[in-house]
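Data block for entry_33.txt (compact mmCIF, N, CA and C atoms):
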# COMPACT_ATOMS: atom_id res chain seq x y z
N MET I 1 5.83 10.52 -23.62
CA MET I 1 6.78 10.72 -22.55
C MET I 1 8.03 9.90 -22.87
N SER I 2 9.18 10.53 -22.79
CA SER I 2 10.40 9.82 -23.15
C SER I 2 10.97 9.05 -21.96
N ALA I 3 11.73 8.03 -22.28
CA ALA I 3 12.41 7.25 -21.24
C ALA I 3 13.39 8.15 -20.49
N ARG I 4 13.98 9.11 -21.17
CA ARG I 4 14.92 10.04 -20.53
C ARG I 4 14.24 10.83 -19.42
N ASP I 5 13.03 11.31 -19.67
CA ASP I 5 12.29 12.06 -18.64
C ASP I 5 12.02 11.19 -17.43
N ILE I 6 11.62 9.96 -17.68
CA ILE I 6 11.33 9.06 -16.57
C ILE I 6 12.61 8.73 -15.82
N MET I 7 13.69 8.45 -16.51
CA MET I 7 14.95 8.12 -15.85
C MET I 7 15.48 9.30 -15.04
N ALA I 8 15.20 10.51 -15.47
CA ALA I 8 15.65 11.69 -14.74
C ALA I 8 14.80 11.95 -13.50
N GLY I 9 13.74 11.20 -13.34
CA GLY I 9 12.89 11.36 -12.16
C GLY I 9 12.00 12.59 -12.22
N THR I 10 11.76 13.09 -13.41
CA THR I 10 10.97 14.30 -13.57
C THR I 10 9.54 14.01 -14.02
N VAL I 11 9.15 12.77 -13.95
CA VAL I 11 7.84 12.37 -14.46
C VAL I 11 6.86 12.19 -13.32
N ARG I 12 5.63 12.62 -13.59
CA ARG I 12 4.54 12.45 -12.64
C ARG I 12 3.36 11.83 -13.38
N LEU I 13 2.61 11.03 -12.66
CA LEU I 13 1.40 10.43 -13.20
C LEU I 13 0.24 11.32 -12.79
N HIS I 14 -0.39 11.93 -13.78
CA HIS I 14 -1.55 12.78 -13.51
C HIS I 14 -2.80 11.90 -13.51
N ILE I 15 -3.58 12.03 -12.44
CA ILE I 15 -4.83 11.29 -12.32
C ILE I 15 -5.99 12.25 -12.53
N ASP I 16 -6.79 12.00 -13.54
CA ASP I 16 -7.98 12.82 -13.80
C ASP I 16 -9.17 12.10 -13.17
N TRP I 17 -9.49 12.50 -11.93
CA TRP I 17 -10.55 11.82 -11.20
C TRP I 17 -11.93 12.01 -11.84
N THR I 18 -12.10 13.00 -12.71
CA THR I 18 -13.39 13.18 -13.38
C THR I 18 -13.62 12.09 -14.42
N ARG I 19 -12.55 11.47 -14.90
CA ARG I 19 -12.68 10.38 -15.88
C ARG I 19 -12.66 9.00 -15.22
N CYS I 20 -12.03 8.91 -14.07
CA CYS I 20 -11.79 7.63 -13.41
C CYS I 20 -13.09 7.05 -12.85
N ASP I 21 -13.20 5.72 -12.92
CA ASP I 21 -14.34 5.07 -12.27
C ASP I 21 -13.89 4.06 -11.22
N GLY I 22 -12.61 4.12 -10.86
CA GLY I 22 -12.11 3.32 -9.76
C GLY I 22 -11.95 1.84 -10.04
N ARG I 23 -11.60 1.46 -11.24
CA ARG I 23 -11.42 0.03 -11.56
C ARG I 23 -10.20 -0.56 -10.86
N GLY I 24 -9.14 0.23 -10.69
CA GLY I 24 -8.00 -0.20 -9.89
C GLY I 24 -6.83 -0.83 -10.61
N LEU I 25 -6.86 -0.90 -11.93
CA LEU I 25 -5.72 -1.48 -12.65
C LEU I 25 -4.44 -0.72 -12.35
N CYS I 26 -4.52 0.59 -12.29
CA CYS I 26 -3.32 1.40 -12.03
C CYS I 26 -2.74 1.10 -10.65
N THR I 27 -3.59 0.86 -9.67
CA THR I 27 -3.08 0.57 -8.33
C THR I 27 -2.43 -0.82 -8.29
N GLU I 28 -2.84 -1.71 -9.14
CA GLU I 28 -2.19 -3.01 -9.21
C GLU I 28 -0.81 -2.88 -9.85
N LEU I 29 -0.70 -2.04 -10.87
CA LEU I 29 0.58 -1.86 -11.56
C LEU I 29 1.55 -0.97 -10.79
N LEU I 30 1.02 -0.01 -10.05
CA LEU I 30 1.86 0.99 -9.37
C LEU I 30 1.61 1.01 -7.86
N GLY I 31 1.43 -0.16 -7.29
CA GLY I 31 1.11 -0.26 -5.88
C GLY I 31 2.15 0.35 -4.94
N ALA I 32 3.36 0.55 -5.41
CA ALA I 32 4.40 1.15 -4.57
C ALA I 32 4.15 2.64 -4.35
N VAL I 33 3.42 3.30 -5.26
CA VAL I 33 3.22 4.75 -5.14
C VAL I 33 1.76 5.17 -5.04
N ILE I 34 0.83 4.32 -5.49
CA ILE I 34 -0.59 4.67 -5.37
C ILE I 34 -1.38 3.52 -4.75
N GLU I 35 -2.45 3.89 -4.09
CA GLU I 35 -3.36 2.92 -3.50
C GLU I 35 -4.78 3.38 -3.78
N ARG I 36 -5.75 2.59 -3.39
CA ARG I 36 -7.15 2.95 -3.59
C ARG I 36 -7.72 3.59 -2.33
N ASP I 37 -8.52 4.63 -2.54
CA ASP I 37 -9.19 5.24 -1.39
C ASP I 37 -10.43 4.41 -1.05
N GLU I 38 -11.22 4.87 -0.11
CA GLU I 38 -12.38 4.08 0.34
C GLU I 38 -13.43 3.87 -0.74
N TRP I 39 -13.40 4.67 -1.82
CA TRP I 39 -14.35 4.52 -2.92
C TRP I 39 -13.74 3.81 -4.12
N GLY I 40 -12.46 3.43 -4.01
CA GLY I 40 -11.78 2.71 -5.08
C GLY I 40 -10.96 3.57 -6.02
N TYR I 41 -10.89 4.87 -5.78
CA TYR I 41 -10.13 5.76 -6.66
C TYR I 41 -8.66 5.79 -6.27
N PRO I 42 -7.77 5.96 -7.25
CA PRO I 42 -6.34 5.97 -6.95
C PRO I 42 -5.91 7.26 -6.25
N ILE I 43 -5.09 7.08 -5.22
CA ILE I 43 -4.49 8.21 -4.50
C ILE I 43 -3.04 7.86 -4.20
N ALA I 44 -2.23 8.87 -3.97
CA ALA I 44 -0.82 8.64 -3.63
C ALA I 44 -0.73 7.97 -2.26
N ARG I 45 0.19 7.05 -2.15
CA ARG I 45 0.44 6.41 -0.85
C ARG I 45 1.02 7.45 0.11
N PRO I 46 0.79 7.28 1.38
CA PRO I 46 1.38 8.20 2.36
C PRO I 46 2.91 8.26 2.19
N GLY I 47 3.43 9.47 2.22
CA GLY I 47 4.86 9.68 2.09
C GLY I 47 5.37 9.85 0.68
N VAL I 48 4.52 9.62 -0.32
CA VAL I 48 4.96 9.76 -1.72
C VAL I 48 5.00 11.22 -2.14
N LEU I 49 4.01 11.99 -1.73
CA LEU I 49 3.95 13.40 -2.10
C LEU I 49 4.79 14.24 -1.14
N GLN I 50 5.36 15.30 -1.66
CA GLN I 50 6.12 16.26 -0.86
C GLN I 50 5.24 17.49 -0.63
N ASP I 51 5.62 18.32 0.32
CA ASP I 51 4.87 19.55 0.57
C ASP I 51 4.73 20.33 -0.72
N GLY I 52 3.54 20.80 -1.01
CA GLY I 52 3.28 21.59 -2.20
C GLY I 52 2.92 20.78 -3.43
N ASP I 53 3.07 19.44 -3.38
CA ASP I 53 2.70 18.60 -4.52
C ASP I 53 1.18 18.54 -4.66
N SER I 54 0.73 18.49 -5.88
CA SER I 54 -0.69 18.29 -6.15
C SER I 54 -1.02 16.82 -5.92
N PRO I 55 -2.11 16.51 -5.23
CA PRO I 55 -2.46 15.10 -5.02
C PRO I 55 -2.83 14.36 -6.30
N SER I 56 -3.09 15.09 -7.36
CA SER I 56 -3.43 14.41 -8.62
C SER I 56 -2.21 14.20 -9.51
N ASP I 57 -1.01 14.59 -9.05
CA ASP I 57 0.22 14.41 -9.81
C ASP I 57 1.23 13.64 -8.97
N VAL I 58 1.24 12.34 -9.15
CA VAL I 58 2.05 11.44 -8.32
C VAL I 58 3.42 11.24 -8.96
N PRO I 59 4.51 11.51 -8.21
CA PRO I 59 5.85 11.30 -8.77
C PRO I 59 6.12 9.82 -9.02
N ILE I 60 6.74 9.56 -10.15
CA ILE I 60 7.05 8.18 -10.55
C ILE I 60 8.56 7.98 -10.49
N PRO I 61 9.03 7.07 -9.63
CA PRO I 61 10.47 6.79 -9.60
C PRO I 61 10.89 6.03 -10.86
N PRO I 62 12.15 6.19 -11.26
CA PRO I 62 12.62 5.53 -12.48
C PRO I 62 12.37 4.03 -12.53
N ARG I 63 12.45 3.35 -11.39
CA ARG I 63 12.26 1.89 -11.38
C ARG I 63 10.85 1.47 -11.76
N LEU I 64 9.89 2.42 -11.71
CA LEU I 64 8.51 2.11 -12.06
C LEU I 64 8.11 2.68 -13.42
N SER I 65 9.10 3.04 -14.22
CA SER I 65 8.80 3.68 -15.50
C SER I 65 7.98 2.79 -16.43
N ASP I 66 8.33 1.53 -16.54
CA ASP I 66 7.57 0.63 -17.42
C ASP I 66 6.14 0.44 -16.91
N ALA I 67 5.99 0.27 -15.61
CA ALA I 67 4.65 0.09 -15.04
C ALA I 67 3.81 1.35 -15.24
N ALA I 68 4.43 2.52 -15.14
CA ALA I 68 3.69 3.77 -15.33
C ALA I 68 3.21 3.91 -16.77
N ARG I 69 4.07 3.55 -17.70
CA ARG I 69 3.65 3.60 -19.12
C ARG I 69 2.53 2.60 -19.38
N ASP I 70 2.62 1.42 -18.76
CA ASP I 70 1.56 0.42 -18.92
C ASP I 70 0.25 0.92 -18.33
N ALA I 71 0.31 1.51 -17.14
CA ALA I 71 -0.90 2.02 -16.50
C ALA I 71 -1.56 3.08 -17.36
N GLU I 72 -0.76 3.97 -17.91
CA GLU I 72 -1.31 5.02 -18.79
C GLU I 72 -1.96 4.40 -20.02
N ALA I 73 -1.29 3.45 -20.64
CA ALA I 73 -1.79 2.84 -21.88
C ALA I 73 -3.01 1.97 -21.64
N LEU I 74 -3.09 1.32 -20.48
CA LEU I 74 -4.16 0.36 -20.23
C LEU I 74 -5.37 0.95 -19.52
N CYS I 75 -5.30 2.18 -19.08
CA CYS I 75 -6.45 2.78 -18.39
C CYS I 75 -7.64 2.84 -19.34
N PRO I 76 -8.72 2.14 -19.02
CA PRO I 76 -9.84 2.06 -19.97
C PRO I 76 -10.57 3.38 -20.19
N LEU I 77 -10.44 4.31 -19.26
CA LEU I 77 -11.15 5.58 -19.40
C LEU I 77 -10.21 6.77 -19.65
N LEU I 78 -8.95 6.46 -19.95
CA LEU I 78 -7.95 7.49 -20.25
C LEU I 78 -7.84 8.52 -19.14
N ALA I 79 -7.90 8.05 -17.90
CA ALA I 79 -7.85 8.94 -16.74
C ALA I 79 -6.43 9.21 -16.26
N LEU I 80 -5.44 8.56 -16.87
CA LEU I 80 -4.04 8.72 -16.47
C LEU I 80 -3.23 9.32 -17.59
N ARG I 81 -2.29 10.18 -17.20
CA ARG I 81 -1.40 10.79 -18.20
C ARG I 81 -0.06 11.05 -17.54
N LEU I 82 1.01 10.63 -18.20
CA LEU I 82 2.35 10.92 -17.72
C LEU I 82 2.72 12.33 -18.14
N ARG I 83 3.29 13.08 -17.19
CA ARG I 83 3.70 14.48 -17.44
C ARG I 83 5.09 14.73 -16.92
N ARG I 84 5.73 15.74 -17.50
CA ARG I 84 7.01 16.21 -16.97
C ARG I 84 6.76 17.19 -15.87

Write out the structure in this file as structure tokens.
Amino acid sequence: MSARDIMAGTVRLHIDWTRCDGRGLCTELLGAVIERDEWGYPIARPGVLQDGDSPSDVPIPPRLSDAARDAEALCPLLALRLRR
């Protein structure tokens, strides 16, 4: 994922819940846009998604670009992927 895509605001963090085991590192890095549900899995914070958005594709604002790249790289089960 390029820095240009992130700066343009066209990047989303895809969460693959089938791979995730709810460790929560991503929610620590991206707490402004995702939180943990009652079972510990990452979900979009209220108000982050717009009508028609997929709950597994969380929009990433440009100011969180570095944290989003870190979350993707550090996810131990490869459950996160940045997408355009």

- Message: Given only C-alpha atoms as the basis, pick out the residue of I:Val48, I:Ala32, I:Leu64, I:Val58 nearest to Arg81 of chain I.
- Response: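 Ranked by minimum distance to Arg81 of chain I, first place goes to I:Val58.
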
- Task: Compute the distance from (-1.0, 13.2, -10.5) to each atom, counting all atoms listed in the file, keep the residues with any atom at most 6 Å away, and return them as a list of chain:residue names; use the coordinates of the file.
- Result: I:Arg12, I:Leu13, I:His14, I:Ile15, I:Ser54, I:Pro55, I:Ser56, I:Asp57, I:Val58

Keeping only N, CA and C atoms, write the selected residues to a file as a PDB file, in the frame of the given file.
ATOM      1  N   ARG I  12       5.630  12.620 -13.590  1.00  0.00           N
ATOM      2  CA  ARG I  12       4.540  12.450 -12.640  1.00  0.00           C
ATOM      3  C   ARG I  12       3.360  11.830 -13.380  1.00  0.00           C
ATOM      4  N   LEU I  13       2.610  11.030 -12.660  1.00  0.00           N
ATOM      5  CA  LEU I  13       1.400  10.430 -13.200  1.00  0.00           C
ATOM      6  C   LEU I  13       0.240  11.320 -12.790  1.00  0.00           C
ATOM      7  N   HIS I  14      -0.390  11.930 -13.780  1.00  0.00           N
ATOM      8  CA  HIS I  14      -1.550  12.780 -13.510  1.00  0.00           C
ATOM      9  C   HIS I  14      -2.800  11.900 -13.510  1.00  0.00           C
ATOM     10  N   ILE I  15      -3.580  12.030 -12.440  1.00  0.00           N
ATOM     11  CA  ILE I  15      -4.830  11.290 -12.320  1.00  0.00           C
ATOM     12  C   ILE I  15      -5.990  12.250 -12.530  1.00  0.00           C
ATOM     13  N   SER I  54       0.730  18.490  -5.880  1.00  0.00           N
ATOM     14  CA  SER I  54      -0.690  18.290  -6.150  1.00  0.00           C
ATOM     15  C   SER I  54      -1.020  16.820  -5.920  1.00  0.00           C
ATOM     16  N   PRO I  55      -2.110  16.510  -5.230  1.00  0.00           N
ATOM     17  CA  PRO I  55      -2.460  15.100  -5.020  1.00  0.00           C
ATOM     18  C   PRO I  55      -2.830  14.360  -6.300  1.00  0.00           C
ATOM     19  N   SER I  56      -3.090  15.090  -7.360  1.00  0.00           N
ATOM     20  CA  SER I  56      -3.430  14.410  -8.620  1.00  0.00           C
ATOM     21  C   SER I  56      -2.210  14.200  -9.510  1.00  0.00           C
ATOM     22  N   ASP I  57      -1.010  14.590  -9.050  1.00  0.00           N
ATOM     23  CA  ASP I  57       0.220  14.410  -9.810  1.00  0.00           C
ATOM     24  C   ASP I  57       1.230  13.640  -8.970  1.00  0.00           C
ATOM     25  N   VAL I  58       1.240  12.340  -9.150  1.00  0.00           N
ATOM     26  CA  VAL I  58       2.050  11.440  -8.320  1.00  0.00           C
ATOM     27  C   VAL I  58       3.420  11.240  -8.960  1.00  0.00           C
TER      28      VAL I  58
END

- Find the residues around segment 71-78 of chain I up to 6.5 Å (all atoms listed in the file counted), leave out those fewer than 3 positions away in its own chain, and share them as a PyMOL selection string. chain I and resi 19-20+25-26+29+66-68+81-82

Secondary structure check, strand (DSSP E or B) residues of chain I, as a PDB file with N, CA and C atoms, keeping the file's coordinate frame:
ATOM      1  N   ARG I  12       5.630  12.620 -13.590  1.00  0.00           N
ATOM      2  CA  ARG I  12       4.540  12.450 -12.640  1.00  0.00           C
ATOM      3  C   ARG I  12       3.360  11.830 -13.380  1.00  0.00           C
ATOM      4  N   LEU I  13       2.610  11.030 -12.660  1.00  0.00           N
ATOM      5  CA  LEU I  13       1.400  10.430 -13.200  1.00  0.00           C
ATOM      6  C   LEU I  13       0.240  11.320 -12.790  1.00  0.00           C
ATOM      7  N   HIS I  14      -0.390  11.930 -13.780  1.00  0.00           N
ATOM      8  CA  HIS I  14      -1.550  12.780 -13.510  1.00  0.00           C
ATOM      9  C   HIS I  14      -2.800  11.900 -13.510  1.00  0.00           C
ATOM     10  N   ILE I  15      -3.580  12.030 -12.440  1.00  0.00           N
ATOM     11  CA  ILE I  15      -4.830  11.290 -12.320  1.00  0.00           C
ATOM     12  C   ILE I  15      -5.990  12.250 -12.530  1.00  0.00           C
ATOM     13  N   ILE I  34       0.830   4.320  -5.490  1.00  0.00           N
ATOM     14  CA  ILE I  34      -0.590   4.670  -5.370  1.00  0.00           C
ATOM     15  C   ILE I  34      -1.380   3.520  -4.750  1.00  0.00           C
ATOM     16  N   GLU I  35      -2.450   3.890  -4.090  1.00  0.00           N
ATOM     17  CA  GLU I  35      -3.360   2.920  -3.500  1.00  0.00           C
ATOM     18  C   GLU I  35      -4.780   3.380  -3.780  1.00  0.00           C
ATOM     19  N   ARG I  36      -5.750   2.590  -3.390  1.00  0.00           N
ATOM     20  CA  ARG I  36      -7.150   2.950  -3.590  1.00  0.00           C
ATOM     21  C   ARG I  36      -7.720   3.590  -2.330  1.00  0.00           C
ATOM     22  N   PRO I  42      -7.770   5.960  -7.250  1.00  0.00           N
ATOM     23  CA  PRO I  42      -6.340   5.970  -6.950  1.00  0.00           C
ATOM     24  C   PRO I  42      -5.910   7.260  -6.250  1.00  0.00           C
ATOM     25  N   ILE I  43      -5.090   7.080  -5.220  1.00  0.00           N
ATOM     26  CA  ILE I  43      -4.490   8.210  -4.500  1.00  0.00           C
ATOM     27  C   ILE I  43      -3.040   7.860  -4.200  1.00  0.00           C
ATOM     28  N   ALA I  44      -2.230   8.870  -3.970  1.00  0.00           N
ATOM     29  CA  ALA I  44      -0.820   8.640  -3.630  1.00  0.00           C
ATOM     30  C   ALA I  44      -0.730   7.970  -2.260  1.00  0.00           C
ATOM     31  N   ASP I  57      -1.010  14.590  -9.050  1.00  0.00           N
ATOM     32  CA  ASP I  57       0.220  14.410  -9.810  1.00  0.00           C
ATOM     33  C   ASP I  57       1.230  13.640  -8.970  1.00  0.00           C
ATOM     34  N   VAL I  58       1.240  12.340  -9.150  1.00  0.00           N
ATOM     35  CA  VAL I  58       2.050  11.440  -8.320  1.00  0.00           C
ATOM     36  C   VAL I  58       3.420  11.240  -8.960  1.00  0.00           C
ATOM     37  N   PRO I  59       4.510  11.510  -8.210  1.00  0.00           N
ATOM     38  CA  PRO I  59       5.850  11.300  -8.770  1.00  0.00           C
ATOM     39  C   PRO I  59       6.120   9.820  -9.020  1.00  0.00           C
ATOM     40  N   LEU I  80      -5.440   8.560 -16.870  1.00  0.00           N
ATOM     41  CA  LEU I  80      -4.040   8.720 -16.470  1.00  0.00           C
ATOM     42  C   LEU I  80      -3.230   9.320 -17.590  1.00  0.00           C
ATOM     43  N   ARG I  81      -2.290  10.180 -17.200  1.00  0.00           N
ATOM     44  CA  ARG I  81      -1.400  10.790 -18.200  1.00  0.00           C
ATOM     45  C   ARG I  81      -0.060  11.050 -17.540  1.00  0.00           C
ATOM     46  N   LEU I  82       1.010  10.630 -18.200  1.00  0.00           N
ATOM     47  CA  LEU I  82       2.350  10.920 -17.720  1.00  0.00           C
ATOM     48  C   LEU I  82       2.720  12.330 -18.140  1.00  0.00           C
ATOM     49  N   ARG I  83       3.290  13.080 -17.190  1.00  0.00           N
ATOM     50  CA  ARG I  83       3.700  14.480 -17.440  1.00  0.00           C
ATOM     51  C   ARG I  83       5.090  14.730 -16.920  1.00  0.00           C
TER      52      ARG I  83
END

- Item | Between atom CA of Val33 of chain I and atom CA of Gly47 of chain I - distance in Å to one decimal | 8.9 Å

- Task: For atom CA of Gly22 of chain I and atom CA of Gly40 of chain I, quote the distance in Å rounded to one decimal.
- Result: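 If I compute the distance from atom CA of Gly22 of chain I to atom CA of Gly40 of chain I, I get 4.7 Å.
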
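Note that the spacing between atom CA of Arg69 of chain I and atom CA of Asp53 of chain I amounts to 21.0 Å.
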
- Using only N, CA and C atoms, pick whichever of I:Pro42, I:Val11, I:Pro62, I:Asp70 has the shortest atom-to-atom distance to Arg83 of chain I. I:Val11

- From the list I:Ile43, I:Asp37, I:Leu49, I:Leu30, which residue is nearest Arg63 of chain I when using only C-alpha atoms? I:Leu30

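Here the question is which of I:Ile60, I:Ser65, I:Leu80, I:Glu38 gets nearest to Asp16 of chain I using all atoms listed in the file, and that residue is I:Leu80.
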
Please return the centre and edge lengths, in Å to one decimal, of a box with edges along x, y and z that contains all listed atoms of segment 60-78 of chain I, widened by 6 Å on every side, as lines of an AutoDock Vina configuration file.
center_x = 0.7
center_y = 4.8
center_z = -15.7
size_x = 35.8
size_y = 21.5
size_z = 24.3

- Task: Determine the nearest neighbour of Arg23 of chain I from the options I:Asp51, I:Pro46, I:Pro61, I:Tyr41, counting only N, CA and C atoms.
- Result: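 Selected residue with least distance to Arg23 of chain I: I:Tyr41.
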
- Item | Picked from chain I by DSSP as helix (DSSP H, G or I), as a PyMOL selection string | chain I and resi 3-7+25-29+62-74

- Residue among I:Pro59, I:Arg36, I:Ala79, I:Ala44 lying closest to Trp17 of chain I, counting only C-alpha atoms: I:Ala79

Can you rebuild segment 47-57 of chain I with all heavy atoms and give it as a JSON list (two decimals), in the frame of the given file?
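So result_17.json came out as:
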[["chain", "number", "residue", "atom", "x", "y", "z"],
["I", 47, "GLY", "N", 3.43, 9.47, 2.22],
["I", 47, "GLY", "CA", 4.86, 9.68, 2.09],
["I", 47, "GLY", "C", 5.37, 9.85, 0.68],
["I", 47, "GLY", "O", 6.53, 10.20, 0.48],
["I", 48, "VAL", "N", 4.52, 9.62, -0.32],
["I", 48, "VAL", "CA", 4.96, 9.76, -1.72],
["I", 48, "VAL", "C", 5.00, 11.22, -2.14],
["I", 48, "VAL", "O", 5.92, 11.65, -2.84],
["I", 48, "VAL", "CB", 4.04, 8.94, -2.66],
["I", 48, "VAL", "CG1", 4.32, 9.25, -4.12],
["I", 48, "VAL", "CG2", 4.21, 7.45, -2.39],
["I", 49, "LEU", "N", 4.01, 11.99, -1.73],
["I", 49, "LEU", "CA", 3.95, 13.40, -2.10],
["I", 49, "LEU", "C", 4.79, 14.24, -1.14],
["I", 49, "LEU", "O", 4.88, 13.94, 0.05],
["I", 49, "LEU", "CB", 2.50, 13.90, -2.09],
["I", 49, "LEU", "CG", 1.55, 13.22, -3.06],
["I", 49, "LEU", "CD1", 0.14, 13.77, -2.87],
["I", 49, "LEU", "CD2", 2.00, 13.40, -4.49],
["I", 50, "GLN", "N", 5.36, 15.30, -1.66],
["I", 50, "GLN", "CA", 6.12, 16.26, -0.86],
["I", 50, "GLN", "C", 5.24, 17.49, -0.63],
["I", 50, "GLN", "O", 4.23, 17.66, -1.31],
["I", 50, "GLN", "CB", 7.38, 16.66, -1.61],
["I", 50, "GLN", "CG", 8.18, 15.48, -2.09],
["I", 50, "GLN", "CD", 9.52, 15.38, -1.45],
["I", 50, "GLN", "OE1", 10.06, 16.36, -1.00],
["I", 50, "GLN", "NE2", 10.07, 14.18, -1.40],
["I", 51, "ASP", "N", 5.62, 18.32, 0.32],
["I", 51, "ASP", "CA", 4.87, 19.55, 0.57],
["I", 51, "ASP", "C", 4.73, 20.33, -0.72],
["I", 51, "ASP", "O", 5.70, 20.52, -1.45],
["I", 51, "ASP", "CB", 5.58, 20.41, 1.61],
["I", 51, "ASP", "CG", 5.46, 19.84, 3.01],
["I", 51, "ASP", "OD1", 4.56, 19.02, 3.24],
["I", 51, "ASP", "OD2", 6.28, 20.21, 3.87],
["I", 52, "GLY", "N", 3.54, 20.80, -1.01],
["I", 52, "GLY", "CA", 3.28, 21.59, -2.20],
["I", 52, "GLY", "C", 2.92, 20.78, -3.43],
["I", 52, "GLY", "O", 2.54, 21.33, -4.44],
["I", 53, "ASP", "N", 3.07, 19.44, -3.38],
["I", 53, "ASP", "CA", 2.70, 18.60, -4.52],
["I", 53, "ASP", "C", 1.18, 18.54, -4.66],
["I", 53, "ASP", "O", 0.46, 18.50, -3.67],
["I", 53, "ASP", "CB", 3.20, 17.16, -4.34],
["I", 53, "ASP", "CG", 4.68, 17.00, -4.63],
["I", 53, "ASP", "OD1", 5.29, 17.93, -5.18],
["I", 53, "ASP", "OD2", 5.22, 15.93, -4.30],
["I", 54, "SER", "N", 0.73, 18.49, -5.88],
["I", 54, "SER", "CA", -0.69, 18.29, -6.15],
["I", 54, "SER", "C", -1.02, 16.82, -5.92],
["I", 54, "SER", "O", -0.29, 15.94, -6.40],
["I", 54, "SER", "CB", -1.00, 18.67, -7.59],
["I", 54, "SER", "OG", -2.29, 18.23, -7.94],
["I", 55, "PRO", "N", -2.11, 16.51, -5.23],
["I", 55, "PRO", "CA", -2.46, 15.10, -5.02],
["I", 55, "PRO", "C", -2.83, 14.36, -6.30],
["I", 55, "PRO", "O", -2.84, 13.13, -6.31],
["I", 55, "PRO", "CB", -3.65, 15.17, -4.06],
["I", 55, "PRO", "CG", -4.16, 16.55, -4.13],
["I", 55, "PRO", "CD", -3.03, 17.42, -4.59],
["I", 56, "SER", "N", -3.09, 15.09, -7.36],
["I", 56, "SER", "CA", -3.43, 14.41, -8.62],
["I", 56, "SER", "C", -2.21, 14.20, -9.51],
["I", 56, "SER", "O", -2.34, 13.66, -10.61],
["I", 56, "SER", "CB", -4.49, 15.22, -9.38],
["I", 56, "SER", "OG", -4.00, 16.48, -9.73],
["I", 57, "ASP", "N", -1.01, 14.59, -9.05],
["I", 57, "ASP", "CA", 0.22, 14.41, -9.81],
["I", 57, "ASP", "C", 1.23, 13.64, -8.97],
["I", 57, "ASP", "O", 1.97, 14.22, -8.18],
["I", 57, "ASP", "CB", 0.80, 15.76, -10.24],
["I", 57, "ASP", "CG", -0.06, 16.43, -11.30],
["I", 57, "ASP", "OD1", -0.43, 15.77, -12.27],
["I", 57, "ASP", "OD2", -0.36, 17.63, -11.14]]
